[in-house]
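Containing TSV, C-alpha atoms: my_file_3.tsv.
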chain	number	residue	atom	x	y	z
A	727	MET	CA	152.60	113.06	139.96
A	728	LEU	CA	153.17	109.37	139.60
A	729	SER	CA	156.54	109.48	141.26
A	730	VAL	CA	155.20	111.43	144.22
A	731	SER	CA	152.48	108.89	144.83
A	732	ALA	CA	154.97	106.10	144.61
A	733	VAL	CA	157.15	107.70	147.26
A	734	ALA	CA	154.15	108.22	149.52
A	735	VAL	CA	153.13	104.59	149.23
A	736	ARG	CA	156.62	103.34	149.88
A	737	GLY	CA	156.87	105.54	152.97
A	738	LEU	CA	153.61	104.20	154.45
A	739	PRO	CA	153.30	100.36	154.32
A	740	GLY	CA	149.96	100.42	156.16
A	741	PHE	CA	148.53	102.84	153.64
A	742	ARG	CA	149.54	100.48	150.79
A	743	HIS	CA	147.44	97.67	152.30
A	744	LEU	CA	144.57	100.03	152.88
A	745	LEU	CA	144.73	101.22	149.26
A	746	ALA	CA	144.75	97.61	148.02
A	747	LEU	CA	141.68	96.81	150.14
A	748	VAL	CA	139.84	99.88	148.86
A	749	LEU	CA	140.66	98.98	145.26
A	750	MET	CA	139.51	95.39	145.78
A	751	ALA	CA	136.23	96.64	147.16
A	752	VAL	CA	135.60	99.34	144.57
A	753	LEU	CA	136.85	97.83	141.29
A	754	PRO	CA	134.26	95.04	141.00
A	755	VAL	CA	131.50	97.58	141.53
A	756	ALA	CA	132.94	99.88	138.88
A	757	ALA	CA	133.33	96.97	136.48
A	758	SER	CA	129.79	95.76	137.07
A	759	HIS	CA	128.47	99.15	135.93
A	760	GLY	CA	129.93	98.36	132.50
A	761	HIS	CA	127.93	95.10	132.29
A	762	ALA	CA	124.64	96.42	133.54
A	763	LEU	CA	121.96	96.68	130.84
A	764	LEU	CA	119.52	99.37	131.69
A	765	HIS	CA	116.20	99.70	129.97
A	766	GLU	CA	113.67	102.36	129.30
A	767	ARG	CA	110.14	101.93	128.03
A	768	VAL	CA	109.71	103.97	124.85
A	769	ALA	CA	106.37	104.89	123.35
A	770	GLY	CA	106.21	104.66	119.58
A	771	GLU	CA	104.76	103.05	116.50
A	772	ALA	CA	106.42	99.97	114.99
A	773	VAL	CA	106.04	98.41	111.58
A	774	ILE	CA	104.84	94.82	111.86
A	775	LEU	CA	104.91	92.57	108.82
A	776	ARG	CA	103.58	89.02	108.83
A	777	LEU	CA	105.37	86.77	106.36
A	778	ALA	CA	104.44	83.60	104.56
A	779	PHE	CA	105.74	81.64	101.61
A	780	PRO	CA	103.40	81.19	98.63
A	781	GLY	CA	102.39	77.74	99.88
A	782	GLY	CA	101.21	79.20	103.18
A	783	GLU	CA	104.01	78.05	105.49
A	784	GLN	CA	105.77	80.76	107.46
A	785	PRO	CA	109.50	81.47	107.72
A	786	LEU	CA	109.51	80.95	111.47
A	787	PHE	CA	112.85	81.84	113.10
A	788	GLU	CA	114.51	82.49	109.74
A	789	SER	CA	117.07	85.30	109.53
A	790	TYR	CA	116.07	88.79	108.47
A	791	GLU	CA	117.76	92.15	107.97
A	792	VAL	CA	116.20	95.61	107.87
A	793	PHE	CA	117.97	98.38	105.93
A	794	ALA	CA	117.29	102.10	106.41
A	795	PRO	CA	116.77	104.16	103.22
A	796	GLY	CA	119.99	104.27	101.20
A	797	GLU	CA	122.01	102.43	103.82
A	798	PRO	CA	124.03	99.34	102.84
A	799	GLN	CA	124.55	98.30	106.46
A	800	ALA	CA	121.68	96.64	108.30
A	801	PHE	CA	119.68	98.88	110.65
A	802	GLN	CA	118.35	95.80	112.41
A	803	SER	CA	118.85	92.07	112.08
A	804	GLY	CA	117.42	89.06	113.82
A	805	ARG	CA	115.09	86.16	113.35
A	806	VAL	CA	111.42	86.06	112.42
A	807	ASN	CA	109.35	85.48	115.53
A	808	ALA	CA	107.12	82.50	116.36
A	809	LEU	CA	104.15	84.28	114.77
A	810	GLY	CA	105.96	84.65	111.46
A	811	GLU	CA	106.30	88.40	112.02
A	812	VAL	CA	109.07	90.97	111.79
A	813	SER	CA	108.72	94.28	113.58
A	814	PHE	CA	110.92	97.34	113.51
A	815	ARG	CA	110.62	101.03	114.30
A	816	PRO	CA	111.73	103.32	111.46
A	817	ASP	CA	113.50	106.50	112.61
A	818	GLN	CA	113.18	108.29	109.25
A	819	PRO	CA	110.82	108.37	106.27
A	820	GLY	CA	111.73	106.70	102.98
A	821	ASP	CA	112.02	103.29	101.39
A	822	TRP	CA	113.08	100.74	103.98
A	823	ARG	CA	114.15	97.28	102.88
A	824	LEU	CA	113.36	94.04	104.67
A	825	ARG	CA	115.24	90.94	103.53
A	826	VAL	CA	114.24	87.54	104.86
A	827	ILE	CA	116.61	84.70	104.04
A	828	SER	CA	116.70	80.99	104.75
A	829	ALA	CA	119.77	78.81	104.22
A	830	ASP	CA	118.09	76.87	101.40
A	831	GLY	CA	117.63	80.02	99.33
A	832	HIS	CA	114.05	80.84	100.14
A	833	GLY	CA	113.24	84.36	101.08
A	834	ALA	CA	112.23	87.73	99.79
A	835	GLU	CA	113.20	91.37	99.76
A	836	LEU	CA	110.41	93.80	100.49
A	837	ARG	CA	110.49	97.57	100.18
A	838	VAL	CA	108.50	99.28	102.90
A	839	ALA	CA	107.61	102.90	102.15
A	840	VAL	CA	107.40	104.90	105.39
A	841	ASP	CA	105.89	108.40	105.33
A	842	GLU	CA	106.80	111.48	107.41
A	843	ALA	CA	104.50	110.36	110.21
A	844	GLY	CA	106.33	107.02	110.45
A	845	VAL	CA	103.38	105.15	109.00
A	846	VAL	CA	103.76	102.49	106.31
A	847	SER	CA	102.25	103.85	103.11
A	848	ALA	CA	103.04	100.88	100.83
A	849	VAL	CA	104.88	97.56	100.69
A	850	HIS	CA	106.48	96.62	97.36
A	851	GLY	CA	108.41	93.63	96.10
A	852	GLY	CA	106.28	90.89	97.54
A	853	HIS	CA	102.76	89.64	97.25
A	854	ASN	CA	100.02	90.05	99.79
A	855	HIS	CA	99.57	86.41	100.64
A	856	ALA	CA	96.21	86.37	102.34
A	857	GLY	CA	94.30	83.67	100.45
A	858	VAL	CA	95.61	84.59	97.00
A	859	TYR	CA	98.05	81.76	96.31
A	860	TRP	CA	95.73	79.27	94.59
A	861	PRO	CA	93.85	81.92	92.58
A	862	ARG	CA	97.26	83.09	91.34
A	863	VAL	CA	98.27	79.52	90.48
A	864	LEU	CA	95.04	79.07	88.51
A	865	ALA	CA	95.58	82.40	86.77
A	866	ALA	CA	99.13	81.40	85.82
A	867	LEU	CA	97.85	78.06	84.55
A	868	GLY	CA	95.36	79.92	82.39
A	869	TYR	CA	98.10	82.19	81.02
A	870	LEU	CA	100.28	79.16	80.28
A	871	LEU	CA	97.62	77.26	78.37
A	872	GLY	CA	96.58	80.47	76.66
A	873	ILE	CA	100.13	81.11	75.43
A	874	PHE	CA	100.26	77.62	73.91
A	875	GLY	CA	96.82	78.12	72.40
A	876	LEU	CA	97.96	81.35	70.77
A	877	LEU	CA	101.04	79.53	69.48
A	878	VAL	CA	98.85	76.87	67.82
A	879	LEU	CA	96.60	79.53	66.28
A	880	TRP	CA	99.63	81.44	64.99
A	881	ARG	CA	101.06	78.28	63.39
A	882	GLN	CA	97.71	77.49	61.76
A	883	HIS	CA	97.45	81.05	60.49
A	884	ARG	CA	100.96	80.84	59.00
A	885	ALA	CA	100.21	77.47	57.41
A	886	ARG	CA	97.05	78.86	55.78
A	887	ALA	CA	98.86	81.99	54.61
A	888	GLY	CA	101.75	79.92	53.22
B	447	MET	CA	114.02	75.22	94.69
B	448	HIS	CA	114.12	78.40	92.64
B	449	ILE	CA	115.83	81.48	94.04
B	450	PRO	CA	113.77	84.63	94.66
B	451	ASP	CA	114.79	88.19	93.83
B	452	GLY	CA	117.10	90.00	96.20
B	453	LEU	CA	119.23	87.07	97.29
B	454	ILE	CA	121.74	87.02	94.44
B	455	SER	CA	123.99	89.80	93.25
B	456	PRO	CA	124.06	91.57	89.85
B	457	GLN	CA	127.57	90.10	89.46
B	458	THR	CA	125.76	86.76	89.33
B	459	TYR	CA	122.51	87.36	87.49
B	460	LEU	CA	123.87	89.65	84.75
B	461	PRO	CA	126.41	87.08	83.46
B	462	ALA	CA	123.68	84.45	83.86
B	463	LEU	CA	121.39	86.57	81.67
B	464	ALA	CA	124.17	86.96	79.09
B	465	LEU	CA	124.48	83.18	79.01
B	466	ALA	CA	120.76	82.36	79.12
B	467	ALA	CA	119.61	84.84	76.44
B	468	PRO	CA	121.37	83.17	73.48
B	469	LEU	CA	120.33	79.76	74.80
B	470	TRP	CA	116.69	80.92	74.84
B	471	VAL	CA	117.03	82.15	71.25
B	472	LEU	CA	118.60	78.86	70.18
B	473	ALA	CA	115.99	76.81	72.05
B	474	GLY	CA	113.18	78.91	70.54
B	475	ARG	CA	114.46	78.30	67.02
B	476	ARG	CA	114.73	74.56	67.61
B	477	LEU	CA	111.27	74.50	69.16
B	478	ARG	CA	109.78	76.29	66.16
B	479	ALA	CA	111.51	73.96	63.73
B	480	ARG	CA	110.67	70.70	65.44
B	481	LEU	CA	107.22	70.98	66.94
B	482	GLY	CA	104.13	70.35	64.89
B	483	ASP	CA	100.50	71.17	65.64
B	484	GLU	CA	100.00	67.70	67.09
B	485	VAL	CA	102.83	68.02	69.62
B	486	LEU	CA	102.11	71.59	70.79
B	487	PRO	CA	98.89	70.81	72.73
B	488	ARG	CA	100.68	67.87	74.34
B	489	LEU	CA	103.60	70.09	75.29
B	490	ALA	CA	101.11	72.57	76.75
B	491	VAL	CA	99.60	69.87	78.97
B	492	PHE	CA	102.99	68.57	80.10
B	493	THR	CA	104.22	72.09	80.80
B	494	ALA	CA	101.07	72.78	82.81
B	495	PHE	CA	101.72	69.54	84.72
B	496	ALA	CA	105.30	70.64	85.49
B	497	PHE	CA	103.96	74.02	86.59
B	498	LEU	CA	101.47	72.38	88.95
B	499	LEU	CA	104.16	70.08	90.35
B	500	SER	CA	106.26	73.11	91.18
B	501	THR	CA	103.39	74.78	93.04
B	502	LEU	CA	102.46	71.86	95.32
B	503	MET	CA	104.34	72.23	98.59
B	504	LEU	CA	105.21	68.89	100.19
B	505	PRO	CA	105.87	68.72	103.93
B	506	LEU	CA	109.30	67.29	104.71
B	507	PRO	CA	110.88	65.89	107.90
B	508	GLY	CA	112.26	68.70	110.05
B	509	GLY	CA	109.31	71.03	109.63
B	510	THR	CA	110.26	72.37	106.24
B	511	SER	CA	108.62	71.85	102.88
B	512	GLY	CA	109.61	71.61	99.24
B	513	HIS	CA	108.20	71.05	95.79
B	514	ALA	CA	108.94	68.85	92.80
B	515	VAL	CA	110.41	70.36	89.62
B	516	GLY	CA	109.02	68.51	86.60
B	517	VAL	CA	111.74	69.44	84.13
B	518	GLY	CA	113.05	65.85	83.99
B	519	LEU	CA	109.73	64.61	82.60
B	520	LEU	CA	109.67	67.38	79.99
B	521	ALA	CA	113.24	66.52	78.96
B	522	LEU	CA	112.56	62.78	78.64
B	523	VAL	CA	109.39	63.25	76.59
B	524	PHE	CA	110.23	66.32	74.45
B	525	GLY	CA	114.03	66.61	74.60
B	526	PRO	CA	116.25	68.98	76.59
B	527	TRP	CA	115.98	72.09	74.38
B	528	THR	CA	112.19	72.02	74.41
B	529	ALA	CA	112.21	71.25	78.15
B	530	PHE	CA	114.50	74.23	78.77
B	531	MET	CA	112.20	76.57	76.86
B	532	ALA	CA	109.01	75.20	78.44
B	533	TYR	CA	110.44	75.31	81.95
B	534	SER	CA	111.68	78.88	81.44
B	535	LEU	CA	108.03	79.77	80.74
B	536	VAL	CA	107.04	77.99	83.96
B	537	LEU	CA	109.63	79.98	85.92
B	538	LEU	CA	108.53	83.24	84.29
B	539	LEU	CA	104.87	82.67	85.22
B	540	GLN	CA	105.88	81.59	88.71
B	541	ALA	CA	107.78	84.84	89.15
B	542	VAL	CA	105.33	87.25	87.52
B	543	VAL	CA	101.96	85.80	88.49
B	544	VAL	CA	102.45	83.57	91.53
B	545	GLY	CA	105.23	85.51	93.27
B	546	ALA	CA	107.63	82.58	93.62
B	547	GLY	CA	111.14	83.02	92.27
B	548	GLY	CA	111.94	86.33	90.64
B	549	ILE	CA	112.67	88.32	87.51
B	550	THR	CA	116.32	89.10	88.24
B	551	ALA	CA	116.84	85.53	89.42
B	552	LEU	CA	115.09	84.09	86.33
B	553	PRO	CA	118.27	83.52	84.25
B	554	VAL	CA	119.99	81.75	87.15
B	555	ASN	CA	116.94	79.58	87.86
B	556	ALA	CA	116.42	78.85	84.17
B	557	LEU	CA	120.04	77.81	83.69
B	558	ALA	CA	120.29	75.71	86.86
B	559	ILE	CA	116.86	74.05	86.75
B	560	GLY	CA	115.67	74.40	83.16
B	561	PHE	CA	118.91	73.96	81.22
B	562	ALA	CA	121.18	71.91	83.48
B	563	GLY	CA	118.25	69.89	84.87
B	564	ALA	CA	116.92	69.05	81.40
B	565	TRP	CA	120.30	68.13	79.94
B	566	LEU	CA	121.23	66.08	83.00
B	567	ALA	CA	117.99	64.12	82.81
B	568	ALA	CA	118.19	63.55	79.05
B	569	GLY	CA	121.93	62.78	79.05
B	570	LEU	CA	121.83	60.43	82.00
B	571	TYR	CA	118.78	58.63	80.61
B	572	ALA	CA	120.59	58.09	77.30
B	573	ALA	CA	123.67	56.83	79.13
B	574	LEU	CA	121.79	54.54	81.53
B	575	ARG	CA	119.12	53.19	79.15
B	576	ARG	CA	121.06	49.96	78.56
B	577	PHE	CA	120.44	49.03	82.22
B	578	GLY	CA	116.68	49.11	81.70
B	579	GLU	CA	114.05	51.80	81.38
B	580	ALA	CA	113.00	51.98	85.02
B	581	PRO	CA	116.47	52.37	86.61
B	582	ALA	CA	117.50	54.76	83.84
B	583	VAL	CA	114.49	57.06	84.35
B	584	LEU	CA	114.65	56.89	88.14
B	585	LEU	CA	118.36	57.62	88.35
B	586	ALA	CA	118.35	60.23	85.59
B	587	VAL	CA	115.52	62.24	87.16
B	588	TRP	CA	116.84	61.93	90.72
B	589	LEU	CA	120.34	63.00	89.69
B	590	SER	CA	118.88	65.80	87.59
B	591	VAL	CA	117.03	67.19	90.63
B	592	MET	CA	120.13	66.82	92.80
B	593	GLY	CA	122.34	68.42	90.15
B	594	SER	CA	120.08	71.46	89.87
B	595	ALA	CA	119.89	71.74	93.66
B	596	LEU	CA	123.69	71.55	93.90
B	597	LEU	CA	124.13	74.28	91.29
B	598	LEU	CA	121.70	76.59	93.07
B	599	ALA	CA	123.32	75.81	96.44
B	600	LEU	CA	126.71	76.78	95.02
B	601	VAL	CA	125.33	79.96	93.43
B	602	LEU	CA	123.81	80.94	96.76
B	603	GLY	CA	126.80	79.81	98.82
B	604	LEU	CA	129.22	81.86	96.72
B	605	GLN	CA	127.25	85.10	97.22
B	606	PRO	CA	129.11	86.11	100.42
B	607	VAL	CA	132.37	85.86	98.43
B	608	ILE	CA	131.05	87.50	95.25
B	609	ALA	CA	129.20	90.43	96.82
B	610	HIS	CA	130.19	91.85	100.18
B	611	GLY	CA	130.82	95.23	101.76
B	612	PRO	CA	134.24	96.71	102.61
B	613	ASP	CA	134.06	95.10	106.04
B	614	GLY	CA	133.21	91.70	104.55
B	615	THR	CA	129.49	91.86	105.38
B	616	PRO	CA	127.53	89.92	102.71
B	617	ARG	CA	125.35	92.27	100.66
B	618	PHE	CA	122.84	89.74	99.36
B	619	PHE	CA	123.03	86.30	100.94
B	620	PRO	CA	124.86	85.50	104.16
B	621	PHE	CA	125.32	81.71	104.14
B	622	GLY	CA	128.32	79.93	102.62
B	623	PRO	CA	128.38	76.61	100.73
B	624	ALA	CA	128.94	74.64	103.94
B	625	ILE	CA	125.38	75.62	104.92
B	626	THR	CA	123.61	75.96	101.57
B	627	VAL	CA	124.74	72.65	100.06
B	628	PRO	CA	123.25	70.41	102.78
B	629	ALA	CA	120.27	72.76	103.19
B	630	LEU	CA	119.30	72.20	99.56
B	631	LEU	CA	120.56	68.69	98.87
B	632	LEU	CA	119.06	66.91	101.88
B	633	PRO	CA	115.41	67.87	101.23
B	634	HIS	CA	115.81	67.45	97.49
B	635	ALA	CA	117.12	63.91	97.94
B	636	LEU	CA	113.59	63.07	99.17
B	637	ILE	CA	111.81	65.30	96.67
B	638	GLY	CA	113.90	63.90	93.82
B	639	ALA	CA	113.00	60.33	94.77
B	640	GLY	CA	109.28	61.12	94.69
B	641	GLU	CA	109.60	63.04	91.45
B	642	ALA	CA	111.59	60.19	89.86
B	643	ALA	CA	108.84	57.68	90.70
B	644	LEU	CA	106.11	59.99	89.35
B	645	THR	CA	108.13	60.67	86.20
B	646	LEU	CA	108.54	56.95	85.56
B	647	LEU	CA	104.76	56.44	85.72
B	648	VAL	CA	104.00	59.28	83.32
B	649	PHE	CA	106.94	58.48	81.03
B	650	ARG	CA	105.76	54.87	80.59
B	651	HIS	CA	102.30	56.11	79.73
B	652	ALA	CA	103.76	58.58	77.22
B	653	ARG	CA	105.91	55.89	75.61
B	654	ARG	CA	102.97	53.49	75.26
B	655	ARG	CA	100.95	56.28	73.62
B	656	ARG	CA	103.91	57.05	71.30
B	657	TRP	CA	104.12	60.62	72.59
B	658	LEU	CA	107.91	60.67	72.89
B	659	VAL	CA	109.55	63.24	70.67
B	660	ALA	CA	113.05	62.46	69.38
B	661	PRO	CA	115.63	64.09	71.70
B	662	GLY	CA	116.85	67.50	70.66

In structure tokens, what does this structure look like?
Amino acid sequence: MLSVSAVAVRGLPGFRHLLALVLMAVLPVAASHGHALLHERVAGEAVILRLAFPGGEQPLFESYEVFAPGEPQAFQSGRVNALGEVSFRPDQPGDWRLRVISADGHGAELRVAVDEAGVVSAVHGGHNHAGVYWPRVLAALGYLLGIFGLLVLWRQHRARAG
Amino acid sequence: MHIPDGLISPQTYLPALALAAPLWVLAGRRLRARLGDEVLPRLAVFTAFAFLLSTLMLPLPGGTSGHAVGVGLLALVFGPWTAFMAYSLVLLLQAVVVGAGGITALPVNALAIGFAGAWLAAGLYAALRRFGEAPAVLLAVWLSVMGSALLLALVLGLQPVIAHGPDGTPRFFPFGPAITVPALLLPHALIGAGEAALTLLVFRHARRRRWLVAPG
């Protein structure tokens, strides 16, 4: 087949030029189809999580990765948006993982439980941050002083018993 | 400064736990043997102060923020073993109650901040004391903060090498030491300077009140 075509082209010099012109005209068009990015608007529900560090500041534009249930490879990766949010659309139910990481070692890994309807049923592994930071700090301070208080009482009890 | 859960691999935190557990036992025994009823309430207040320091987020140039540590002050007043034990309690409460740091990361944080930070501060202060109290405290605390930050930066930066998939994709933390070291050291150079100044003020007060416990 190849040899036949070659003979035909050699026998017809005008046809060779014509073929070259046709190829020059067609090839860029064919190549441009490979670079075109088509889009389609898809209706669906997405999971949107707003993130904040315990002090209230948000991990704006920090890296994140989303992992489908049981998958070691990321289903989605990117950067937290300007609102401090990450959104993704789960394609199966189960425990999805969201890992947010900054270069200085701040971040978190959340487990997002998605039910059969594609709705988030629970988020584990992090703390709901809405206005709870300082109450938690005060609670921890109370625990800390309480632990030391118990230690003093225990020592006094031992001293009396001894 | 402390690392949260999910960013470091079991290959990192399990050996760290194996190292930290006997150190906690040893520190607990020393604490029980050395501390009297008079010192315990004081230690409680200083530990609470360190806890509060680690919860106050300070805005830093570049739009980021950070917090002081407080372990240097504990080490200079109560000694490094007591500081290690007290700061481990701070890290535990931070992880369990406040949601900063983490349980799996606790041994790594305790070793890098509590143990290394306390021993760096106490050791450097002892070595530099002949140059005067103020420069010794300032340098010891600043270098202690920087040392802890460097250790954590290296732990984080080695994660892509320690734990990765067959195709080389990092499983836990994606940035190497070239990124993590400056990302942690630059902000902590400022934080450490502020913490060193604050530590000097409180340390002087503690020395005047004769609150200093012999190192150990």

Item to complete: Kindly determine which residues of chain B lie within 9 Å of chain A, considering all atoms listed in the file, and give the answer as number ranges by chain.
Response: B: 447-453, 482-483, 486-487, 489-491, 493-494, 497-498, 501-503, 510-511, 535-536, 539-540, 542-547, 598-599, 602-603, 611, 615, 617-622, 625-631

Residues within 10 Å of Leu570 in chain B, please, as a list in words. Count all atoms listed in the file; anything in the same chain fewer than 5 positions from it doesn't count. Ala564, Trp565, Arg575, Ala582, Val583, Leu585, Ala586, Val587, Leu589 and Ser590 of chain B

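One finds CA of Phe561 in chain B at 17.9 Å from CA of Ala573 in chain B.
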
Expressed in Å, the length from CA of Ser803 in chain A to CA of Val601 in chain B is 23.2 Å

Across A:Tyr790, A:Leu809, A:Ala762, A:Gln802, the smallest distance to Ala778 in chain A, with all atoms listed in the file counted, is shown by A:Leu809

Could you give me, as a CSV table (one decimal) with C-alpha atoms, in the coordinates of the input, the residues within 7 Å of Arg776 in chain A, counting all atoms listed in the file and dropping anything in the same chain fewer than 6 positions from it?
chain,number,residue,atom,x,y,z
A,810,GLY,CA,106.0,84.6,111.5
A,811,GLU,CA,106.3,88.4,112.0
A,812,VAL,CA,109.1,91.0,111.8

Separating CA of Pro461 in chain B from CA of Val554 in chain B, to the nearest tenth of an Å, is a gap of 9.1 Å

_(107.9, 60.6, 76.0) in this file's frame - what residues fall within 9 Å of it? Use all atoms listed in the file and give the answer as a ChimeraX atom specification._
/B:519-525,648-660

Practice problem: Pick out the residues sitting within 10 Å of Trp588 in chain B, and hand them over as a VMD selection string; count all atoms listed in the file, and ignore anything fewer than 2 positions along from it in its own chain. | Solution: chain B and resid 518 563 566 to 567 582 to 586 590 to 593 634 to 643 645

For Phe495 in chain B, the closest of B:Ala532, B:Leu477, B:Ala464, B:Val607 counting only C-alpha atoms is B:Ala532
